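> Dumping the structure here so I can ask a few things about it.
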There are 2 protein chains.
Amino acid sequence: MTTPDSLLFCQLGSSTEADAAALGAKATQLCSLAGLSLAVPPGFALPVAACRSLGEGVKPALADRLDEAIAQLEAATGRRFGGAEKPLLLAVRPSVPVGVPSAVEAVLNVGLNDVTVEALAKESNDVRFAQECYRRFIQNYAHTVLGDDPAAFEDVLALYKEERGYVSDAELRGSDAREIAARFKAQFESNNDQPFQEDVRQQLLSTLTAMARAWNAPRAKTQRKIHGVAEDAGLALIVQVMVFGNAGDDSGVGRAWSRHPQTGVAAMAGEFLPQAQGPDLQARLRPLLPLSNGGSDSLQSLLPQTFAALEQGVAALEAKLRDAVEVEFTVEHGRLWFLSAKPGKRSTSASLQIVTDFVRSGAMSETEALLRIDPLSLDQLLHSTIDPEAKRSVLASGLPASPGAVSGAILFDAEEARALAADGVRVILVRPETLPEDIRGLHAAEGVLTTRGGMTSHAAVIARGMGKPCVSGASALRIDAGAGTLTGPGFTLKRGDIITLDGATGQVLKGTVNIRPPELSGNFATLLGWADRHRRMAVRANAETVQDARMARDFGAEGIGLCRSEHMFFEGDRLVAIREMILADRERDRRAALAKALPMLRADFAALFEIMAGLPVTLRLLDPPLHEFLPEESTDIDALARALNADVTLLRRRIQDLREQNPMLGHRGVRLLLSYPEIVDMQARAIFEAVADVAKSTGKPPIPEIMVPLVVSRTELDLVKARIDAAAAEVQRETGLTFAYRVGTMIELPRAALKAADIAQSAEFFSFGTNDLTQTTFGISRDDSARFIGEYASKGIFPADPFVTLDVDGVGELVHLAVERGRAGRPDIHLGICGEHGGDPQSIAFCESEGLDYVSCSPFRVPIARLAAAQAALRKSMQN
Amino acid sequence: MTTPDSLLFCQLGSSTEADAAALGAKATQLCSLAGLSLAVPPGFALPVAACRSLGEGVKPALADRLDEAIAQLEAATGRRFGGAEKPLLLAVRPSVPVGVPSAVEAVLNVGLNDVTVEALAKESNDVRFAQECYRRFIQNYAHTVLGDDPAAFEDVLALYKEERGYVSDAELRGSDAREIAARFKAQFESNNDQPFQEDVRQQLLSTLTAMARAWNAPRAKTQRKIHGVAEDAGLALIVQVMVFGNAGDDSGVGRAWSRHPQTGVAAMAGEFLPQAQGPDLQARLRPLLPLSNGGSDSLQSLLPQTFAALEQGVAALEAKLRDAVEVEFTVEHGRLWFLSAKPGKRSTSASLQIVTDFVRSGAMSETEALLRIDPLSLDQLLHSTIDPEAKRSVLASGLPASPGAVSGAILFDAEEARALAADGVRVILVRPETLPEDIRGLHAAEGVLTTRGGMTSHAAVIARGMGKPCVSGASALRIDAGAGTLTGPGFTLKRGDIITLDGATGQVLKGTVNIRPPELSGNFATLLGWADRHRRMAVRANAETVQDARMARDFGAEGIGLCRSEHMFFEGDRLVAIREMILADRERDRRAALAKALPMLRADFAALFEIMAGLPVTLRLLDPPLHEFLPEESTDIDALARALNADVTLLRRRIQDLREQNPMLGHRGVRLLLSYPEIVDMQARAIFEAVADVAKSTGKPPIPEIMVPLVVSRTELDLVKARIDAAAAEVQRETGLTFAYRVGTMIELPRAALKAADIAQSAEFFSFGTNDLTQTTFGISRDDSARFIGEYASKGIFPADPFVTLDVDGVGELVHLAVERGRAGRPDIHLGICGEHGGDPQSIAFCESEGLDYVSCSPFRVPIARLAAAQAALRKSMQN
């Protein structure tokens, strides 16, 4: 707009950040276009400062400047605003900061009235075109300025067509258009008890005022708050000369991408519609032409010079922005006008293609490339996704608990799911919520749907770990396992019916839907290679099974940050052994039961050590309350009693005794380990025997990190540590081997964070368990939060779900204190995070700012964490 | 011991704190006695410093000093240690700090051997006496020095008596005693494979060494840790000449109190046993004589001079210590020897009598009197207690959850309890744990027994509030409500059987037991009057009912610090209304249901305002999760469905839907108020209408303090506050009255404490809800803690139950932060505490140190809090 064709209240050379703050994104883009000498329709912008008080009316000084600016536009175009010949028509568009919902509609064709519409008809030699512009403007103006319901006008049009027996708009002629415009004016007068505004200057002033007012309406402010944007974000307004793509055969509208949006391959793509206006492009009433196809039906063949100008412009833009771009354009009598330019929409794999191309060509540094990619978008590459073109019949919505898409038969019982999956059936396990004892069913199922629980419920955490789609907390659904039905609003599915889960959106879809498989390219490896060079923090994985550990290594994990040893108890004979242990009254019997599980656990640990050879493996001692290992259902209890040859009444009583009001705050973690020290003895022995086995077979003893959960005082840790040390000494004596190991603790309760200096005296490492730390700091159970956390987000009470993104203000302060005090207690203490936040980019940035040594997350989150850790390190170094 | 008769390694004039640290309590007391020129048996003490390394053996320098000291004793008494005539015999006794368990037994008669025993027999002219002393010494020495089991010696004695056909010890003669002593020596040699030590100097050295070693044994250290005493607390040893109360008719032993232990009335009381030794006083084989009774069978009549000396000595001691004293004494041939002197045991009412006497006589200041009384001991005066003489048949033990004693018939159902209580039956409600819906049963019962739950479980809190005895968490008991039985180890009680609860100890006793009613005296009022003059913090009560509020006023509460408004919903028609509200699907229906409850709540609030006229009343909006208002049992659900004319399947489903994994961390407090703002609207309106009603009837509008629970962010509070403000404005408009009110919040979650600066912007007051704050800071559910908290205490992992005494280190830091930040956000913010800690003296001291404005506690705790607050203020001012 610094070309002779453009006018602005504020003079700008090119787009900078300051400009964007003053003018919003769209006006800044137009400045960029103008700065590259690309043609944009002449116009000017009212900057944010000028629009602030505009809602209260246009002040005389501003009105004078508007008049001046319009006079300049008149001079530049040889047209006159409100003129009976060659009338100047204007488009008024909002320009708002990037990422802010607009909340204000554009108003086109400002300047049309009973006089100018005739002049436009004459000039274009097209009455219908002119009158339709007029009719649209009346409706548009009535809605924006006076708040009229557009539906009233739509009804007028529909009624007219019915009177005439017209089926489609194409049947309308010039005379019809004139009559409809007249009826619209009558509707306007009846709606508002005042005549339509024929004064074009007043039309413009009212439009500007109304748009500013809409921007500051409470609804718009709430909208912004919900989107996490400042309520008082600024609005700028753009006033531009109208250009018409429907001015003849040498006119039209189109859209172009500098690169293919799906692949990112560098070749201009796009579409063109001759003799049409912008909205026609959206409506696709006629087939769109490609920009170029080697044949005769393309923009290139119809208007070769225009095509060349477009290609040159798009290339210049891409070079300038150093990014793939998307433009909208209008051709008026062969002349190309750019209406918008913005970063082009793209798939994740296209994003990777683009930045690697730019880096290879030398146009971009690795650093910039790394910062360009949203780490969360990598998820798209790791998981199957629903075909974006597919039709969706949504049955219900829940939380997008684990990404990926899958279709399968619904089953309500974990054992049945396992059996059918073994027969080759693709199964979706549907449960109110899952329990650790469902673990085998979860292994067998292709996806999981729960009607309760949040983003960090058991099902969600396990599914993410396994890389399986999961929708959790779909509270509109009701399971009747007895009847074998899943009921929702207006439907009932039966056991075996097919549904599709979209783990990326949380939608539950009817039947099968087209699904795209995951796509990993060389670019993915290239980018993550760069990330590894730039990050400071190590990235580990949370893994227990051989399968998970291998996957984690494949994704680049540098060790295991959290092996939840209880998961090793949930299968087969180990479950039998631990149940025997729980039900035994005497320590001697408990030790005997545990001894049966020891060889199995030893083998499990040894396998993990071998996969993670040379890398750290953090093993957490038993954490959950014992009742999680016992069945809940009556029939399951009967079966267990038979299996253990136990009295069913006694068994029921024992299960009843173990039940807790608030198991999350109950008899678990270190509290359990202190009540049943024989568990520590067995687990420590299994670990150290595995170390000895691996040392013997490989010659290199692994160095296990043994982690005690739920500690709030140093004494608790000391008591458990003494038993671990004793077990190590025993195994060393028995095997004649010497090996190293480390003992540390989770920091997952507020008191642990506060007492970190003290606890660090006995802990060689801290691992922040931010799931539990968030639960206790907020006093919110993640399993029960689904009932209100959504409302909290929509009302803007919490800026984000604190179980997804670490609450820096509250939980973050406790982490900060613990880091500070932990280092005071032990300067070389090793610090990491193993909560779900370890895979969340924003939370990873916080970990970098606190100087943690590593993050640990689900295997499928490892690539995301690698990139996020690199970005965090780069951003931190840029700040310094 | 500074008299010519006494010898000490360290020279001391009188008892001071430094002395006690060097010499322990007993030696210090003996110094006090000696300082008053009262006769104590000659002797000396090995101070703490000398005993530290004594376990490793007596070093030559120390041995030399011992020889010297013994030579002095020989010179002073005209006896010789190990002499064949007039042998010197010694008693070695431990002297440890006040409140420390001794862990070491005294050894008497050191210096007896085959030679000296004959000399003693000759001198006393009593072979049996001398040989029995010898026999006892052999056993005592074997046990202390060589660790022999005393039972082996008891067996020897029993066998001898069996051989001779003796039934009682009285039948033993001198020759028997000699034979038994010989057999004891033989037993000693057989036990230890070495002859008995005949060298008296070695006897003494070995005894001293063994006692020092026992003091430092691991078991003794653990004992000290459990009692909250430093493991390395010091031991001093006292060596004194033996005196014999069995030396003739003018000899004996006795005990005297300067005041009556039960009443505190100033008149010496006590008992005397002629011709006896200390242990005989305990054994009560013969009837004890009173010290004086006006007749012939008393110490006064038998030995008038001795009595006069005793009376004079005791009076001098009381004057010196400014406290009631208790002494043990021996009379040897008419000569009075004081063996110990310590503060006399006393009941609480005696304590009050004593300090008020002292203050009235000018011997003690109010301040000192206030500091002398343990606030918790006042509980004895407010509640009935089990007769200390009564025989107890203990069925089971639980936690002493609410003090008082009661006998009654056990019932397992709250409604049945209510019905029978209405018929005049004294009922004890027995439940696994109580729910809010049991409230009417709790009102009707005389006491409560639960098999689960801790010191701050629902039953415990409610019972304490009502001043009823409660034993909670008696986990050895099992209720079978269906069968109507209560089963424990080895017994089964049936519905209606009588038990007795001792809320002070947590014992459950069989049948009825003698119970003493509470006793409030003028001294009680006097003392609390002094307390009120010296305390800075206000004391409020937690109360909801008219009954509780009146009681709180009677106990001196200065307002209500916590009215849990949900308790008002648990009765009659209100419960029906809130259940209707919960089960309604539409907001309109919920509002209609709530409207029915409004007039009842308004009347409740008005009644509280009237009772607390002129005093602040803090009303907390609805806090518990909704499922607490719904029944759990199948039959209750059926009944509710019939009552509401609702579909039972739908009802069950709704109840199921509301169930939570961790209700403590669930959909409650402000989260519920934001989901159902109609609850806020109704409660605020009921409060303000009550304000208006009271303003009209009394002319003085009360100033309610409305408190929002479970807040973690300012936005939550703002949203609720806006509705409260709107309700206030409405009621003011409708009534034409203007009234003030305050809106504040609980600080009961770690995040609230951390964000206090921000929250204080919108809160006029904070009330620390330290129950929930402790639960979340520790990650421990108070309802589930019974399973391990006892073990934690016994292992010394937590210094105290953090639900009873505020954890200053962890929870206290959060309170401290919140106080600091709250004042930063609003300098004049009003601060109080309303958790159970508000009635705990140690926690009250913490509140004083943080400068809180008030504490609020159960009505029955108000007197305790008044005294504790005074003590805290006095101690703080003494520190400054």
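Letters for chains follow the order of the structure tokens (A, B, ...), residue numbers begin at 1 for each chain, and ligand numbers begin at 1 in the order shown.
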Pull out every residue of chain B that has at least one atom within 8 Å of chain A, counting only C-alpha atoms, and report them as number ranges by chain.
B: 660-667, 671, 675, 712-713, 715-716, 749-751, 754-755, 775-781, 783-785, 787-788, 791, 797, 809-811, 813
> So that I have them on file, write out the residues from the current selection with N, CA, C and O atoms, as a short mmCIF file (atom, residue, chain, number, x, y, z; two decimals), in the first residue's frame.

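File written: part.cif
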data_model
loop_
_atom_site.label_atom_id
_atom_site.label_comp_id
_atom_site.auth_asym_id
_atom_site.auth_seq_id
_atom_site.Cartn_x
_atom_site.Cartn_y
_atom_site.Cartn_z
N GLU B 660 -17.99 -40.88 42.77
CA GLU B 660 -16.66 -40.43 42.35
C GLU B 660 -15.58 -41.35 42.87
O GLU B 660 -15.75 -42.01 43.89
N GLN B 661 -14.47 -41.38 42.15
CA GLN B 661 -13.32 -42.19 42.55
C GLN B 661 -12.71 -41.62 43.82
O GLN B 661 -12.37 -42.36 44.73
N ASN B 662 -12.53 -40.32 43.83
CA ASN B 662 -11.91 -39.64 44.96
C ASN B 662 -12.75 -38.42 45.31
O ASN B 662 -12.42 -37.29 44.92
N PRO B 663 -13.86 -38.65 46.02
CA PRO B 663 -14.80 -37.54 46.24
C PRO B 663 -14.16 -36.34 46.93
O PRO B 663 -14.55 -35.20 46.68
N MET B 664 -13.15 -36.59 47.73
CA MET B 664 -12.45 -35.51 48.41
C MET B 664 -11.85 -34.53 47.39
O MET B 664 -11.74 -33.33 47.65
N LEU B 665 -11.48 -35.04 46.22
CA LEU B 665 -10.86 -34.22 45.18
C LEU B 665 -11.82 -34.02 44.01
O LEU B 665 -11.40 -33.83 42.88
N GLY B 666 -13.11 -34.11 44.30
CA GLY B 666 -14.07 -34.19 43.20
C GLY B 666 -14.85 -32.92 42.94
O GLY B 666 -14.38 -31.80 43.12
N HIS B 667 -16.10 -33.16 42.53
CA HIS B 667 -16.98 -32.08 42.10
C HIS B 667 -17.67 -31.51 43.33
O HIS B 667 -18.80 -31.89 43.66
N ARG B 671 -16.47 -25.59 42.76
CA ARG B 671 -16.70 -26.24 41.45
C ARG B 671 -18.18 -26.56 41.26
O ARG B 671 -18.74 -26.42 40.18
N SER B 675 -21.03 -24.93 38.70
CA SER B 675 -21.87 -25.77 37.85
C SER B 675 -23.35 -25.48 38.10
O SER B 675 -24.17 -25.55 37.18
N VAL B 712 -9.17 -22.30 44.13
CA VAL B 712 -7.74 -22.36 43.79
C VAL B 712 -7.33 -21.19 42.90
O VAL B 712 -6.15 -21.06 42.58
N SER B 713 -8.30 -20.37 42.47
CA SER B 713 -7.94 -19.23 41.61
C SER B 713 -8.91 -18.10 41.87
O SER B 713 -10.05 -18.31 42.26
N THR B 715 -10.37 -16.22 39.80
CA THR B 715 -11.53 -16.19 38.90
C THR B 715 -12.71 -16.95 39.47
O THR B 715 -13.86 -16.52 39.37
N GLU B 716 -12.44 -18.11 40.06
CA GLU B 716 -13.53 -18.88 40.66
C GLU B 716 -14.27 -18.03 41.68
O GLU B 716 -15.51 -17.96 41.69
N LEU B 749 -6.39 -25.53 49.91
CA LEU B 749 -5.67 -26.32 48.91
C LEU B 749 -4.33 -25.64 48.66
O LEU B 749 -4.24 -24.41 48.72
N PRO B 750 -3.29 -26.43 48.38
CA PRO B 750 -1.96 -25.81 48.22
C PRO B 750 -1.95 -24.67 47.20
O PRO B 750 -1.33 -23.63 47.43
N ARG B 751 -2.69 -24.84 46.10
CA ARG B 751 -2.64 -23.79 45.10
C ARG B 751 -3.25 -22.48 45.61
O ARG B 751 -2.82 -21.39 45.25
N LEU B 754 -0.59 -20.75 47.50
CA LEU B 754 0.42 -20.17 46.62
C LEU B 754 -0.11 -18.92 45.92
O LEU B 754 0.62 -17.97 45.70
N LYS B 755 -1.38 -18.94 45.54
CA LYS B 755 -1.96 -17.82 44.78
C LYS B 755 -2.66 -16.81 45.70
O LYS B 755 -3.55 -16.06 45.24
N GLN B 775 -4.67 -32.75 54.13
CA GLN B 775 -4.92 -33.91 53.26
C GLN B 775 -4.19 -33.76 51.93
O GLN B 775 -3.57 -34.70 51.43
N THR B 776 -4.27 -32.57 51.34
CA THR B 776 -3.69 -32.40 50.01
C THR B 776 -2.18 -32.17 50.07
O THR B 776 -1.46 -32.60 49.17
N THR B 777 -1.70 -31.52 51.11
CA THR B 777 -0.25 -31.28 51.19
C THR B 777 0.48 -32.61 51.41
O THR B 777 1.54 -32.84 50.83
N PHE B 778 -0.11 -33.47 52.23
CA PHE B 778 0.48 -34.78 52.47
C PHE B 778 0.03 -35.81 51.43
O PHE B 778 0.63 -36.88 51.34
N GLY B 779 -1.05 -35.52 50.71
CA GLY B 779 -1.61 -36.56 49.84
C GLY B 779 -2.15 -37.71 50.66
O GLY B 779 -2.07 -38.87 50.26
N ILE B 780 -2.74 -37.40 51.81
CA ILE B 780 -3.31 -38.44 52.67
C ILE B 780 -4.77 -38.13 52.96
O ILE B 780 -5.10 -37.04 53.41
N SER B 781 -5.63 -39.08 52.65
CA SER B 781 -7.04 -38.96 52.97
C SER B 781 -7.23 -39.26 54.45
O SER B 781 -6.84 -40.32 54.93
N ASP B 783 -9.79 -40.00 55.98
CA ASP B 783 -10.68 -41.14 56.22
C ASP B 783 -9.98 -42.48 56.02
O ASP B 783 -10.44 -43.50 56.51
N ASP B 784 -8.92 -42.47 55.25
CA ASP B 784 -8.24 -43.73 54.95
C ASP B 784 -6.92 -43.86 55.71
O ASP B 784 -6.22 -44.85 55.57
N SER B 785 -6.60 -42.86 56.50
CA SER B 785 -5.26 -42.84 57.11
C SER B 785 -5.13 -43.81 58.28
O SER B 785 -4.02 -44.16 58.65
N ARG B 787 -5.35 -46.79 58.53
CA ARG B 787 -4.64 -48.02 58.19
C ARG B 787 -3.13 -47.92 58.41
O ARG B 787 -2.46 -48.93 58.60
N PHE B 788 -2.56 -46.70 58.31
CA PHE B 788 -1.11 -46.62 58.44
C PHE B 788 -0.62 -45.51 59.37
O PHE B 788 0.54 -45.50 59.74
N GLU B 791 1.01 -46.70 62.57
CA GLU B 791 2.33 -47.26 62.33
C GLU B 791 3.36 -46.14 62.12
O GLU B 791 4.49 -46.22 62.57
N ILE B 797 7.89 -41.76 62.17
CA ILE B 797 8.04 -41.15 60.85
C ILE B 797 7.44 -39.75 60.85
O ILE B 797 8.03 -38.81 60.33
N ASP B 809 6.17 -27.75 59.62
CA ASP B 809 7.19 -27.82 58.58
C ASP B 809 6.64 -27.75 57.16
O ASP B 809 7.23 -27.12 56.30
N GLY B 810 5.55 -28.46 56.91
CA GLY B 810 5.03 -28.55 55.54
C GLY B 810 3.80 -27.68 55.37
O GLY B 810 3.83 -26.62 54.74
N VAL B 811 2.69 -28.12 55.97
CA VAL B 811 1.44 -27.36 55.89
C VAL B 811 1.67 -25.95 56.43
O VAL B 811 1.18 -24.97 55.87
N GLU B 813 4.29 -24.14 56.30
CA GLU B 813 4.94 -23.24 55.34
C GLU B 813 3.92 -22.67 54.35
O GLU B 813 3.98 -21.51 53.98
#
> Report as JSON, numbers by chain all protein, DNA and RNA residues lying within 7 Å of Val253 (chain B), evaluated on only C-alpha atoms, omitting residues in the same chain fewer than 5 positions from it.
{"B": [245, 272, 273, 274, 276, 277, 278, 329, 330, 331]}
> Write the residues you've just listed into a file as an mmCIF file, in the first residue's frame, and include C-alpha atoms for each of them.

data_model
loop_
_atom_site.group_PDB
_atom_site.id
_atom_site.type_symbol
_atom_site.label_atom_id
_atom_site.label_comp_id
_atom_site.auth_asym_id
_atom_site.auth_seq_id
_atom_site.Cartn_x
_atom_site.Cartn_y
_atom_site.Cartn_z
ATOM 1 C CA GLY B 245 11.947 -48.854 106.890
ATOM 2 C CA PHE B 272 2.134 -44.891 105.980
ATOM 3 C CA LEU B 273 3.125 -48.523 106.491
ATOM 4 C CA PRO B 274 5.135 -49.338 109.614
ATOM 5 C CA ALA B 276 8.080 -52.106 105.818
ATOM 6 C CA GLN B 277 10.164 -51.267 102.744
ATOM 7 C CA GLY B 278 9.230 -49.302 99.610
ATOM 8 C CA PHE B 329 9.788 -41.208 102.635
ATOM 9 C CA THR B 330 11.319 -43.833 104.851
ATOM 10 C CA VAL B 331 11.400 -43.744 108.650
#
> B:Pro375, B:Gly744, B:Pro279, B:Pro403: which is nearest Gly252 (chain B), counting only C-alpha atoms?
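The closest residue to Gly252 (chain B) is B:Pro279.
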